[in-house]
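Peer 1: Pasting protein.pdb below, which is PDB, C-alpha atoms, pLDDT in the B column.
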```pdb
ATOM      1  CA  MET A   1      -0.666  -7.283 -38.137  1.00 65.00           C
ATOM      2  CA  ILE A   2       2.061  -4.953 -36.825  1.00 75.00           C
ATOM      3  CA  LYS A   3      -0.464  -2.143 -36.582  1.00 80.00           C
ATOM      4  CA  ASN A   4      -2.765  -4.401 -34.589  1.00 88.00           C
ATOM      5  CA  THR A   5       0.045  -5.451 -32.268  1.00 91.00           C
ATOM      6  CA  LEU A   6       0.871  -1.802 -31.615  1.00 93.00           C
ATOM      7  CA  LYS A   7      -2.767  -1.058 -30.939  1.00 94.00           C
ATOM      8  CA  ILE A   8      -3.079  -3.917 -28.452  1.00 95.00           C
ATOM      9  CA  SER A   9       0.160  -2.906 -26.681  1.00 96.00           C
ATOM     10  CA  LEU A  10      -1.012   0.713 -26.462  1.00 96.00           C
ATOM     11  CA  VAL A  11      -4.310  -0.402 -24.905  1.00 96.00           C
ATOM     12  CA  GLY A  12      -2.225  -2.395 -22.409  1.00 97.00           C
ATOM     13  CA  PHE A  13       0.021   0.606 -21.702  1.00 98.00           C
ATOM     14  CA  ILE A  14      -2.890   2.952 -20.914  1.00 97.00           C
ATOM     15  CA  THR A  15      -4.497   0.237 -18.787  1.00 97.00           C
ATOM     16  CA  GLY A  16      -1.296  -0.206 -16.770  1.00 97.00           C
ATOM     17  CA  LEU A  17      -0.791   3.558 -16.433  1.00 98.00           C
ATOM     18  CA  THR A  18      -4.302   4.108 -15.069  1.00 96.00           C
ATOM     19  CA  ASN A  19      -4.185   1.061 -12.833  1.00 96.00           C
ATOM     20  CA  GLY A  20      -0.811   2.128 -11.457  1.00 97.00           C
ATOM     21  CA  LEU A  21      -1.763   5.774 -10.904  1.00 97.00           C
ATOM     22  CA  PHE A  22      -5.115   5.100  -9.221  1.00 96.00           C
ATOM     23  CA  GLY A  23      -4.536   1.579  -7.892  1.00 95.00           C
ATOM     24  CA  ALA A  24      -7.757   0.715  -9.705  1.00 92.00           C
ATOM     25  CA  GLY A  25      -9.674   1.258 -12.895  1.00 89.00           C
ATOM     26  CA  GLY A  26      -7.599  -0.820 -15.295  1.00 92.00           C
ATOM     27  CA  GLY A  27     -10.737  -2.735 -16.196  1.00 88.00           C
ATOM     28  CA  THR A  28     -12.657   0.398 -17.097  1.00 86.00           C
ATOM     29  CA  ILE A  29     -10.021   1.092 -19.755  1.00 91.00           C
ATOM     30  CA  VAL A  30      -9.250  -2.372 -21.070  1.00 94.00           C
ATOM     31  CA  VAL A  31     -12.797  -3.770 -21.182  1.00 91.00           C
ATOM     32  CA  PRO A  32     -14.379  -1.119 -23.450  1.00 90.00           C
ATOM     33  CA  ALA A  33     -11.146  -0.928 -25.491  1.00 94.00           C
ATOM     34  CA  MET A  34     -11.278  -4.662 -26.184  1.00 94.00           C
ATOM     35  CA  GLU A  35     -14.972  -4.495 -27.008  1.00 93.00           C
ATOM     36  CA  ARG A  36     -14.782  -1.478 -29.334  1.00 93.00           C
ATOM     37  CA  ILE A  37     -11.284  -1.533 -30.842  1.00 92.00           C
ATOM     38  CA  LEU A  38     -10.515  -5.248 -30.842  1.00 90.00           C
ATOM     39  CA  LYS A  39     -14.139  -6.448 -31.224  1.00 92.00           C
ATOM     40  CA  VAL A  40     -13.954  -8.933 -28.358  1.00 93.00           C
ATOM     41  CA  GLU A  41     -17.267 -10.240 -27.006  1.00 93.00           C
ATOM     42  CA  GLU A  42     -18.388  -8.700 -23.672  1.00 88.00           C
ATOM     43  CA  HIS A  43     -18.012 -11.648 -21.288  1.00 87.00           C
ATOM     44  CA  GLU A  44     -14.682 -12.581 -22.900  1.00 92.00           C
ATOM     45  CA  SER A  45     -13.338  -9.051 -22.454  1.00 92.00           C
ATOM     46  CA  HIS A  46     -14.322  -9.059 -18.779  1.00 87.00           C
ATOM     47  CA  ALA A  47     -12.553 -12.376 -18.202  1.00 91.00           C
ATOM     48  CA  THR A  48      -9.479 -11.404 -20.253  1.00 95.00           C
ATOM     49  CA  ALA A  49      -9.289  -8.065 -18.418  1.00 94.00           C
ATOM     50  CA  ILE A  50      -8.812  -9.851 -15.090  1.00 92.00           C
ATOM     51  CA  ALA A  51      -5.992 -11.965 -16.569  1.00 95.00           C
ATOM     52  CA  VAL A  52      -4.302  -8.767 -17.825  1.00 96.00           C
ATOM     53  CA  ILE A  53      -4.734  -6.652 -14.695  1.00 96.00           C
ATOM     54  CA  LEU A  54      -3.577  -9.359 -12.275  1.00 96.00           C
ATOM     55  CA  PRO A  55       0.154  -9.171 -13.208  1.00 97.00           C
ATOM     56  CA  LEU A  56      -0.060  -5.360 -13.515  1.00 97.00           C
ATOM     57  CA  SER A  57      -1.492  -5.091 -10.019  1.00 96.00           C
ATOM     58  CA  VAL A  58       1.224  -7.366  -8.633  1.00 96.00           C
ATOM     59  CA  MET A  59       3.800  -5.031 -10.221  1.00 96.00           C
ATOM     60  CA  SER A  60       2.161  -1.880  -8.826  1.00 97.00           C
ATOM     61  CA  THR A  61       1.725  -3.487  -5.410  1.00 96.00           C
ATOM     62  CA  PHE A  62       5.489  -3.988  -5.080  1.00 95.00           C
ATOM     63  CA  ILE A  63       6.159  -0.344  -5.935  1.00 96.00           C
ATOM     64  CA  TYR A  64       3.432   0.939  -3.569  1.00 96.00           C
ATOM     65  CA  ILE A  65       4.388  -1.271  -0.616  1.00 93.00           C
ATOM     66  CA  ARG A  66       8.008  -0.152  -0.649  1.00 93.00           C
ATOM     67  CA  HIS A  67       6.931   3.428  -0.060  1.00 88.00           C
ATOM     68  CA  GLN A  68       4.542   3.232   2.893  1.00 85.00           C
ATOM     69  CA  GLU A  69       3.409   1.577   6.121  1.00 82.00           C
ATOM     70  CA  LEU A  70       0.331  -0.618   5.761  1.00 86.00           C
ATOM     71  CA  ASP A  71      -2.242  -1.958   8.210  1.00 82.00           C
ATOM     72  CA  TRP A  72      -2.085  -5.657   7.312  1.00 85.00           C
ATOM     73  CA  LYS A  73      -4.986  -6.607   9.588  1.00 86.00           C
ATOM     74  CA  SER A  74      -7.391  -4.370   7.661  1.00 84.00           C
ATOM     75  CA  ILE A  75      -6.079  -5.798   4.416  1.00 83.00           C
ATOM     76  CA  LEU A  76      -6.733  -9.331   5.648  1.00 86.00           C
ATOM     77  CA  TYR A  77     -10.380  -8.565   6.495  1.00 85.00           C
ATOM     78  CA  VAL A  78     -10.991  -6.814   3.192  1.00 83.00           C
ATOM     79  CA  ALA A  79      -9.313  -9.673   1.300  1.00 77.00           C
ATOM     80  CA  ILE A  80     -11.355 -12.389   3.051  1.00 83.00           C
ATOM     81  CA  GLY A  81     -14.563 -10.596   2.099  1.00 83.00           C
ATOM     82  CA  GLY A  82     -13.178 -10.058  -1.377  1.00 77.00           C
ATOM     83  CA  VAL A  83     -12.435 -13.714  -2.117  1.00 76.00           C
ATOM     84  CA  GLY A  84     -15.971 -14.705  -1.142  1.00 80.00           C
ATOM     85  CA  GLY A  85     -17.462 -11.925  -3.198  1.00 79.00           C
ATOM     86  CA  GLY A  86     -15.181 -12.647  -6.155  1.00 72.00           C
ATOM     87  CA  ILE A  87     -16.296 -16.272  -6.416  1.00 78.00           C
ATOM     88  CA  LEU A  88     -19.933 -15.266  -6.062  1.00 79.00           C
ATOM     89  CA  GLY A  89     -19.601 -12.514  -8.676  1.00 74.00           C
ATOM     90  CA  ALA A  90     -17.895 -14.733 -11.251  1.00 70.00           C
ATOM     91  CA  LYS A  91     -20.622 -17.335 -10.850  1.00 76.00           C
ATOM     92  CA  LEU A  92     -23.385 -14.767 -11.186  1.00 72.00           C
ATOM     93  CA  LEU A  93     -21.748 -13.362 -14.337  1.00 64.00           C
ATOM     94  CA  SER A  94     -22.668 -16.476 -16.327  1.00 62.00           C
ATOM     95  CA  ARG A  95     -26.293 -16.287 -15.193  1.00 66.00           C
ATOM     96  CA  ILE A  96     -27.439 -12.689 -15.125  1.00 59.00           C
ATOM     97  CA  SER A  97     -26.678  -9.461 -16.922  1.00 60.00           C
ATOM     98  CA  PRO A  98     -27.019  -6.995 -14.078  1.00 60.00           C
ATOM     99  CA  GLN A  99     -28.412  -3.837 -15.694  1.00 73.00           C
ATOM    100  CA  TRP A 100     -29.719  -2.344 -12.484  1.00 72.00           C
ATOM    101  CA  LEU A 101     -26.287  -2.851 -10.913  1.00 72.00           C
ATOM    102  CA  HIS A 102     -24.769  -0.455 -13.448  1.00 77.00           C
ATOM    103  CA  LYS A 103     -27.251   2.218 -12.453  1.00 81.00           C
ATOM    104  CA  ILE A 104     -26.818   1.792  -8.694  1.00 79.00           C
ATOM    105  CA  PHE A 105     -23.022   1.709  -8.874  1.00 81.00           C
ATOM    106  CA  GLY A 106     -22.956   4.564 -11.346  1.00 86.00           C
ATOM    107  CA  LEU A 107     -24.850   6.718  -8.851  1.00 89.00           C
ATOM    108  CA  PHE A 108     -22.662   5.559  -5.953  1.00 88.00           C
ATOM    109  CA  MET A 109     -19.511   6.451  -7.910  1.00 90.00           C
ATOM    110  CA  ILE A 110     -20.791   9.910  -8.857  1.00 94.00           C
ATOM    111  CA  ALA A 111     -21.751  10.682  -5.235  1.00 95.00           C
ATOM    112  CA  ALA A 112     -18.432   9.354  -3.897  1.00 95.00           C
ATOM    113  CA  SER A 113     -16.417  11.233  -6.526  1.00 96.00           C
ATOM    114  CA  ILE A 114     -17.970  14.569  -5.575  1.00 96.00           C
ATOM    115  CA  ARG A 115     -17.183  13.873  -1.924  1.00 95.00           C
ATOM    116  CA  MET A 116     -13.578  13.001  -2.822  1.00 96.00           C
ATOM    117  CA  ILE A 117     -13.031  16.095  -4.974  1.00 96.00           C
ATOM    118  CA  MET A 118     -14.608  18.529  -2.472  1.00 92.00           C
ATOM    119  CA  GLY A 119     -13.440  16.909   0.801  1.00 80.00           C
TER     120      GLY A 119
ATOM    121  CA  MET B   1     -16.883  -6.007  10.421  1.00 78.00           C
ATOM    122  CA  ILE B   2     -17.284  -2.968   8.171  1.00 83.00           C
ATOM    123  CA  LEU B   3     -14.039  -3.984   6.451  1.00 84.00           C
ATOM    124  CA  LEU B   4     -15.438  -7.483   5.774  1.00 83.00           C
ATOM    125  CA  ILE B   5     -18.639  -6.053   4.304  1.00 83.00           C
ATOM    126  CA  ILE B   6     -16.758  -3.538   2.159  1.00 83.00           C
ATOM    127  CA  GLY B   7     -14.529  -6.405   0.952  1.00 79.00           C
ATOM    128  CA  LEU B   8     -17.448  -8.681   0.153  1.00 79.00           C
ATOM    129  CA  LEU B   9     -19.301  -6.024  -1.829  1.00 79.00           C
ATOM    130  CA  SER B  10     -16.208  -5.026  -3.785  1.00 77.00           C
ATOM    131  CA  GLY B  11     -15.360  -8.658  -4.537  1.00 72.00           C
ATOM    132  CA  LEU B  12     -18.873  -9.296  -5.789  1.00 74.00           C
ATOM    133  CA  ILE B  13     -18.638  -6.371  -8.184  1.00 72.00           C
ATOM    134  CA  SER B  14     -15.116  -7.084  -9.402  1.00 66.00           C
ATOM    135  CA  GLY B  15     -16.050 -10.715 -10.023  1.00 60.00           C
ATOM    136  CA  MET B  16     -18.733  -9.354 -12.315  1.00 60.00           C
ATOM    137  CA  GLY B  17     -16.096  -7.322 -14.127  1.00 56.00           C
ATOM    138  CA  ILE B  18     -17.339  -3.879 -13.125  1.00 62.00           C
ATOM    139  CA  GLY B  19     -14.203  -3.044 -11.131  1.00 63.00           C
ATOM    140  CA  GLY B  20     -14.258  -3.487  -7.364  1.00 72.00           C
ATOM    141  CA  GLY B  21     -11.790  -0.664  -6.770  1.00 79.00           C
ATOM    142  CA  THR B  22     -14.318   1.923  -7.784  1.00 83.00           C
ATOM    143  CA  VAL B  23     -16.287   0.871  -4.690  1.00 84.00           C
ATOM    144  CA  LEU B  24     -13.466  -0.213  -2.379  1.00 87.00           C
ATOM    145  CA  ILE B  25     -11.258   2.895  -2.587  1.00 92.00           C
ATOM    146  CA  PRO B  26     -14.010   5.486  -1.992  1.00 93.00           C
ATOM    147  CA  ALA B  27     -15.501   3.276   0.758  1.00 90.00           C
ATOM    148  CA  LEU B  28     -12.137   3.068   2.555  1.00 90.00           C
ATOM    149  CA  THR B  29     -11.415   6.799   2.327  1.00 93.00           C
ATOM    150  CA  ILE B  30     -14.957   7.984   3.109  1.00 92.00           C
ATOM    151  CA  PHE B  31     -16.202   5.415   5.679  1.00 89.00           C
ATOM    152  CA  VAL B  32     -12.921   4.267   7.243  1.00 87.00           C
ATOM    153  CA  GLY B  33     -11.044   7.585   6.880  1.00 89.00           C
ATOM    154  CA  MET B  34      -8.006   6.042   5.233  1.00 90.00           C
ATOM    155  CA  ASN B  35      -5.526   8.145   3.232  1.00 91.00           C
ATOM    156  CA  GLN B  36      -5.565   7.807  -0.539  1.00 95.00           C
ATOM    157  CA  HIS B  37      -2.256   5.979  -0.933  1.00 95.00           C
ATOM    158  CA  ASN B  38      -3.208   3.397   1.686  1.00 92.00           C
ATOM    159  CA  ALA B  39      -6.633   2.843   0.139  1.00 93.00           C
ATOM    160  CA  GLN B  40      -5.096   2.389  -3.316  1.00 95.00           C
ATOM    161  CA  SER B  41      -2.511  -0.054  -1.950  1.00 94.00           C
ATOM    162  CA  ILE B  42      -5.199  -2.085  -0.236  1.00 89.00           C
ATOM    163  CA  ASN B  43      -7.178  -2.220  -3.446  1.00 89.00           C
ATOM    164  CA  LEU B  44      -4.150  -3.453  -5.383  1.00 92.00           C
ATOM    165  CA  ILE B  45      -3.296  -6.111  -2.801  1.00 88.00           C
ATOM    166  CA  TYR B  46      -6.899  -7.097  -2.355  1.00 80.00           C
ATOM    167  CA  PHE B  47      -7.381  -7.437  -6.090  1.00 83.00           C
ATOM    168  CA  ILE B  48      -4.799 -10.238  -6.251  1.00 87.00           C
ATOM    169  CA  PRO B  49      -6.660 -13.035  -4.365  1.00 80.00           C
ATOM    170  CA  THR B  50      -9.992 -11.790  -5.710  1.00 75.00           C
ATOM    171  CA  ALA B  51      -8.730 -11.911  -9.289  1.00 85.00           C
ATOM    172  CA  ILE B  52      -7.196 -15.360  -8.825  1.00 89.00           C
ATOM    173  CA  ALA B  53     -10.511 -16.669  -7.491  1.00 81.00           C
ATOM    174  CA  ALA B  54     -12.427 -15.147 -10.408  1.00 82.00           C
ATOM    175  CA  LEU B  55      -9.791 -16.251 -12.920  1.00 91.00           C
ATOM    176  CA  VAL B  56     -10.085 -19.911 -11.946  1.00 93.00           C
ATOM    177  CA  ILE B  57     -13.751 -19.836 -12.868  1.00 90.00           C
ATOM    178  CA  HIS B  58     -13.164 -17.859 -16.073  1.00 91.00           C
ATOM    179  CA  ILE B  59     -10.449 -20.303 -17.207  1.00 93.00           C
ATOM    180  CA  ARG B  60     -12.818 -23.190 -16.560  1.00 94.00           C
ATOM    181  CA  ASN B  61     -15.497 -21.464 -18.636  1.00 91.00           C
ATOM    182  CA  LYS B  62     -12.865 -20.766 -21.370  1.00 90.00           C
ATOM    183  CA  ARG B  63     -13.593 -17.063 -21.527  1.00 91.00           C
ATOM    184  CA  ILE B  64     -10.019 -15.760 -21.771  1.00 94.00           C
ATOM    185  CA  ARG B  65      -8.627 -14.607 -25.145  1.00 93.00           C
ATOM    186  CA  LYS B  66      -5.070 -15.873 -24.729  1.00 93.00           C
ATOM    187  CA  GLU B  67      -3.745 -14.458 -28.034  1.00 93.00           C
ATOM    188  CA  LEU B  68      -4.331 -10.902 -26.770  1.00 94.00           C
ATOM    189  CA  LEU B  69      -2.733 -11.408 -23.362  1.00 94.00           C
ATOM    190  CA  TRP B  70       0.977 -11.028 -24.217  1.00 92.00           C
ATOM    191  CA  PHE B  71       0.773  -7.618 -25.867  1.00 95.00           C
ATOM    192  CA  LEU B  72      -1.778  -6.277 -23.395  1.00 97.00           C
ATOM    193  CA  ILE B  73       0.426  -7.338 -20.483  1.00 97.00           C
ATOM    194  CA  GLY B  74       3.632  -6.206 -22.242  1.00 97.00           C
ATOM    195  CA  GLY B  75       2.369  -2.656 -22.758  1.00 97.00           C
ATOM    196  CA  GLY B  76       0.625  -2.813 -19.395  1.00 97.00           C
ATOM    197  CA  VAL B  77       3.734  -3.520 -17.348  1.00 97.00           C
ATOM    198  CA  ILE B  78       5.494  -0.411 -18.703  1.00 98.00           C
ATOM    199  CA  GLY B  79       2.397   1.685 -17.960  1.00 98.00           C
ATOM    200  CA  ALA B  80       2.032   0.166 -14.498  1.00 98.00           C
ATOM    201  CA  VAL B  81       5.601   1.079 -13.496  1.00 98.00           C
ATOM    202  CA  ILE B  82       5.250   4.694 -14.685  1.00 98.00           C
ATOM    203  CA  GLY B  83       1.773   5.104 -13.164  1.00 98.00           C
ATOM    204  CA  SER B  84       2.802   3.660  -9.806  1.00 97.00           C
ATOM    205  CA  PHE B  85       5.870   5.883  -9.476  1.00 97.00           C
ATOM    206  CA  VAL B  86       3.820   8.966 -10.356  1.00 98.00           C
ATOM    207  CA  ALA B  87       1.217   7.952  -7.731  1.00 97.00           C
ATOM    208  CA  ILE B  88       3.680   7.483  -4.872  1.00 96.00           C
ATOM    209  CA  SER B  89       5.326  10.825  -5.662  1.00 96.00           C
ATOM    210  CA  LEU B  90       2.021  12.753  -5.462  1.00 97.00           C
ATOM    211  CA  ASP B  91       0.540  14.373  -2.341  1.00 96.00           C
ATOM    212  CA  ALA B  92      -2.325  12.247  -0.841  1.00 95.00           C
ATOM    213  CA  VAL B  93      -4.978  14.985  -1.103  1.00 96.00           C
ATOM    214  CA  LEU B  94      -4.060  15.779  -4.706  1.00 97.00           C
ATOM    215  CA  LEU B  95      -4.132  12.079  -5.571  1.00 97.00           C
ATOM    216  CA  ARG B  96      -7.553  11.755  -3.918  1.00 97.00           C
ATOM    217  CA  ARG B  97      -8.915  14.656  -5.985  1.00 97.00           C
ATOM    218  CA  LEU B  98      -7.485  13.219  -9.207  1.00 97.00           C
ATOM    219  CA  PHE B  99      -9.039   9.893  -8.295  1.00 97.00           C
ATOM    220  CA  GLY B 100     -12.322  11.749  -7.681  1.00 97.00           C
ATOM    221  CA  PHE B 101     -12.320  13.147 -11.219  1.00 97.00           C
ATOM    222  CA  PHE B 102     -11.564   9.725 -12.650  1.00 95.00           C
ATOM    223  CA  LEU B 103     -14.326   8.202 -10.523  1.00 95.00           C
ATOM    224  CA  PHE B 104     -16.798  10.865 -11.653  1.00 95.00           C
ATOM    225  CA  TYR B 105     -16.098  10.016 -15.283  1.00 92.00           C
ATOM    226  CA  MET B 106     -16.436   6.290 -14.565  1.00 89.00           C
ATOM    227  CA  GLY B 107     -19.678   6.856 -12.665  1.00 91.00           C
ATOM    228  CA  ILE B 108     -21.214   8.684 -15.644  1.00 92.00           C
ATOM    229  CA  THR B 109     -20.050   5.904 -18.015  1.00 86.00           C
ATOM    230  CA  GLU B 110     -21.462   3.237 -15.700  1.00 84.00           C
ATOM    231  CA  PHE B 111     -24.801   5.012 -15.451  1.00 86.00           C
ATOM    232  CA  ARG B 112     -25.092   5.511 -19.211  1.00 86.00           C
ATOM    233  CA  LYS B 113     -24.128   1.885 -19.816  1.00 76.00           C
ATOM    234  CA  SER B 114     -27.260   0.755 -17.985  1.00 63.00           C
ATOM    235  CA  LYS B 115     -29.433   2.964 -20.200  1.00 58.00           C
ATOM    236  CA  ARG B 116     -27.879   1.686 -23.431  1.00 54.00           C
ATOM    237  CA  LYS B 117     -28.192  -1.958 -22.422  1.00 49.00           C
ATOM    238  CA  ILE B 118     -31.809  -1.676 -21.337  1.00 45.00           C
ATOM    239  CA  LYS B 119     -32.622  -0.077 -24.691  1.00 45.00           C
ATOM    240  CA  VAL B 120     -30.953  -2.924 -26.572  1.00 45.00           C
ATOM    241  CA  ASN B 121     -32.981  -5.439 -24.569  1.00 43.00           C
ATOM    242  CA  GLU B 122     -36.244  -3.651 -25.303  1.00 41.00           C
ATOM    243  CA  GLU B 123     -35.673  -3.746 -29.055  1.00 37.00           C
TER     244      GLU B 123
END
```
I need this file expressed as structure tokens, please.

Peer 2:
Amino acid sequence: MIKNTLKISLVGFITGLTNGLFGAGGGTIVVPAMERILKVEEHESHATAIAVILPLSVMSTFIYIRHQELDWKSILYVAIGGVGGGILGAKLLSRISPQWLHKIFGLFMIAASIRMIMG
Amino acid sequence: MILLIIGLLSGLISGMGIGGGTVLIPALTIFVGMNQHNAQSINLIYFIPTAIAALVIHIRNKRIRKELLWFLIGGGVIGAVIGSFVAISLDAVLLRRLFGFFLFYMGITEFRKSKRKIKVNEE
């Protein structure tokens, strides 16, 4: 029990560290960790991940905001699009398992990462 | 307009649990020319309403494992504070490159995930 608690907290710690450092990517740590280490079912880990990362992102946001000037108008536009997309995505999650999406986004990420490392 | 489209696409993906930031942050730095710290901040802020919207639906569908939440969040908060302070102390170009390496790793994982799942379905 104690060992399990430690394990879960450590997963949380690494998730928070990554999400704080990169402002993203908490889900890519916590989702596979829940699936493999804690044996949580896939859709449940995705849903639980969002509940975990939400307070962590709020925390990181406060630290980030205090240290820079932000363009709030851009944020508003991105957020409006995001809310619409978020609702749509969550609804689609219960209907389809988007295999081709993984491939397309995998390729996009690889291309973008090379550009970001070289640029 | 481009900001709305980038937001919509990222929201769609994050609602599916893939992680919208992996699309939003590179899109903002590459297509909008934003610096890394700004792009990361926007992703964090933007994640909040998106996550709340997705969470409402997930709670309704009873998909959240509540017994895991406390320890995940407890460890997570400590990590988040350390990670955030490291990020704001780093140079923007260095942070972008580090992010690039992380993104490269995630891209490979994402791509291989599709292969594994298709195989499982064929069996």

Peer 1: What is the distance between CA of Leu103 (chain B) and CA of Ser113 (chain A), in Å to one decimal?

Peer 2: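 Computed distance, CA of Leu103 (chain B) to CA of Ser113 (chain A), equals 5.4 Å.
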
Peer 1: Out of A:Met118, A:Met34, A:Val78, A:Ile104, which residue has the shortest atom-to-atom distance to Leu8 (chain B) when counting all atoms listed in the file?

Peer 2: A:Val78

Peer 1: Counting only C-alpha atoms, select every polymer residue within 12 Å of (-8.2, 8.5, 2.2) as defined in the file's coordinates, and provide the selection as a VMD selection string.

Peer 2: (chain A and resid 112 115 to 117 119) or (chain B and resid 24 to 42 91 to 97 99 to 100)

Peer 1: Which of these residues is nearest to chain B, using all atoms listed in the file: A:Ala49, A:Leu21, A:Ile2, A:Val40?

Peer 2: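 Of A:Ala49, A:Leu21, A:Ile2, A:Val40, the one nearest chain B is A:Leu21, counting all atoms listed in the file.
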
Peer 1: Pick out the residues sitting within 10 Å of Val52 (chain A), and hand them over as a PyMOL selection string; count all atoms listed in the file, and ignore anything fewer than 3 positions along from it in its own chain.

Peer 2: (chain A and resi 12+15-16+26-27+30+47-49+55-57) or (chain B and resi 64+66+68-74+76-77)

Peer 1: Could you check how far CA of Ile6 (chain B) sits from CA of Thr18 (chain A), in Å to one decimal?

Peer 2: 22.6 Å

Peer 1: Rounded to one decimal place, report the CA of Ile13 (chain B)-CA of Glu69 (chain A) distance in Å.

Peer 2: 27.5 Å

Peer 1: I would like the residues chosen by the PyMOL selection byres ((chain B and resi 52-55) around 9) on the shown file; could you give them as a list in words?

Peer 2: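 The output of the PyMOL selection byres ((chain B and resi 52-55) around 9) on this file is Ala47, Thr48, Ile50, Ala51, Leu54, Val83, Gly84, Gly86, Ile87, Leu88, Gly89, Ala90 and Lys91 of chain A; Ser14, Gly15, Met16, Phe47, Ile48, Pro49, Thr50, Ala51, Val56, Ile57, His58, Ile59, Arg60 and Ile64 of chain B.
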
Peer 1: Write out the residues from the selection above, keeping C-alpha atoms, as a PDB file, keeping the file's coordinate frame.

Peer 2:
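Dumped to out-v2.pdb:
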```
ATOM      1  CA  ALA A  47     -12.553 -12.376 -18.202  1.00 91.00           C
ATOM      2  CA  THR A  48      -9.479 -11.404 -20.253  1.00 95.00           C
ATOM      3  CA  ILE A  50      -8.812  -9.851 -15.090  1.00 92.00           C
ATOM      4  CA  ALA A  51      -5.992 -11.965 -16.569  1.00 95.00           C
ATOM      5  CA  LEU A  54      -3.577  -9.359 -12.275  1.00 96.00           C
ATOM      6  CA  VAL A  83     -12.435 -13.714  -2.117  1.00 76.00           C
ATOM      7  CA  GLY A  84     -15.971 -14.705  -1.142  1.00 80.00           C
ATOM      8  CA  GLY A  86     -15.181 -12.647  -6.155  1.00 72.00           C
ATOM      9  CA  ILE A  87     -16.296 -16.272  -6.416  1.00 78.00           C
ATOM     10  CA  LEU A  88     -19.933 -15.266  -6.062  1.00 79.00           C
ATOM     11  CA  GLY A  89     -19.601 -12.514  -8.676  1.00 74.00           C
ATOM     12  CA  ALA A  90     -17.895 -14.733 -11.251  1.00 70.00           C
ATOM     13  CA  LYS A  91     -20.622 -17.335 -10.850  1.00 76.00           C
TER      14      LYS A  91
ATOM     15  CA  SER B  14     -15.116  -7.084  -9.402  1.00 66.00           C
ATOM     16  CA  GLY B  15     -16.050 -10.715 -10.023  1.00 60.00           C
ATOM     17  CA  MET B  16     -18.733  -9.354 -12.315  1.00 60.00           C
ATOM     18  CA  PHE B  47      -7.381  -7.437  -6.090  1.00 83.00           C
ATOM     19  CA  ILE B  48      -4.799 -10.238  -6.251  1.00 87.00           C
ATOM     20  CA  PRO B  49      -6.660 -13.035  -4.365  1.00 80.00           C
ATOM     21  CA  THR B  50      -9.992 -11.790  -5.710  1.00 75.00           C
ATOM     22  CA  ALA B  51      -8.730 -11.911  -9.289  1.00 85.00           C
ATOM     23  CA  VAL B  56     -10.085 -19.911 -11.946  1.00 93.00           C
ATOM     24  CA  ILE B  57     -13.751 -19.836 -12.868  1.00 90.00           C
ATOM     25  CA  HIS B  58     -13.164 -17.859 -16.073  1.00 91.00           C
ATOM     26  CA  ILE B  59     -10.449 -20.303 -17.207  1.00 93.00           C
ATOM     27  CA  ARG B  60     -12.818 -23.190 -16.560  1.00 94.00           C
ATOM     28  CA  ILE B  64     -10.019 -15.760 -21.771  1.00 94.00           C
TER      29      ILE B  64
END
```

Peer 1: Pick out the closest residue to Lys39 (chain A) from this set: B:Gly83, B:Gly75, B:Glu110, B:Arg65. Count all atoms listed in the file.

Peer 2: B:Arg65

Peer 1: Mind listing whatever residues come within 12 Å of the point (-25.4, 8.1, -12.9)? Use all atoms listed in the file, file coordinates, and give them as an MDAnalysis selection string.

Peer 2: (chainID A and resid 100:113) or (chainID B and resid 103:115)

Peer 1: Expanded to explicit residues, what is the PyMOL selection byres ((chain A and resi 60) around 8) for this file, as a list in words?

Peer 2: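 Residues picked by the PyMOL selection byres ((chain A and resi 60) around 8): Gly20, Gly23, Leu56, Ser57, Val58, Met59, Thr61, Phe62, Ile63 and Tyr64 of chain A; Leu44, Ala80, Val81 and Ser84 of chain B.
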
Peer 1: I need the residue nearest His43 (chain A) from this list: A:Ile14, A:Val31, A:Ile65, A:Leu76. Use all atoms listed in the file for the distance.

Peer 2: A:Val31
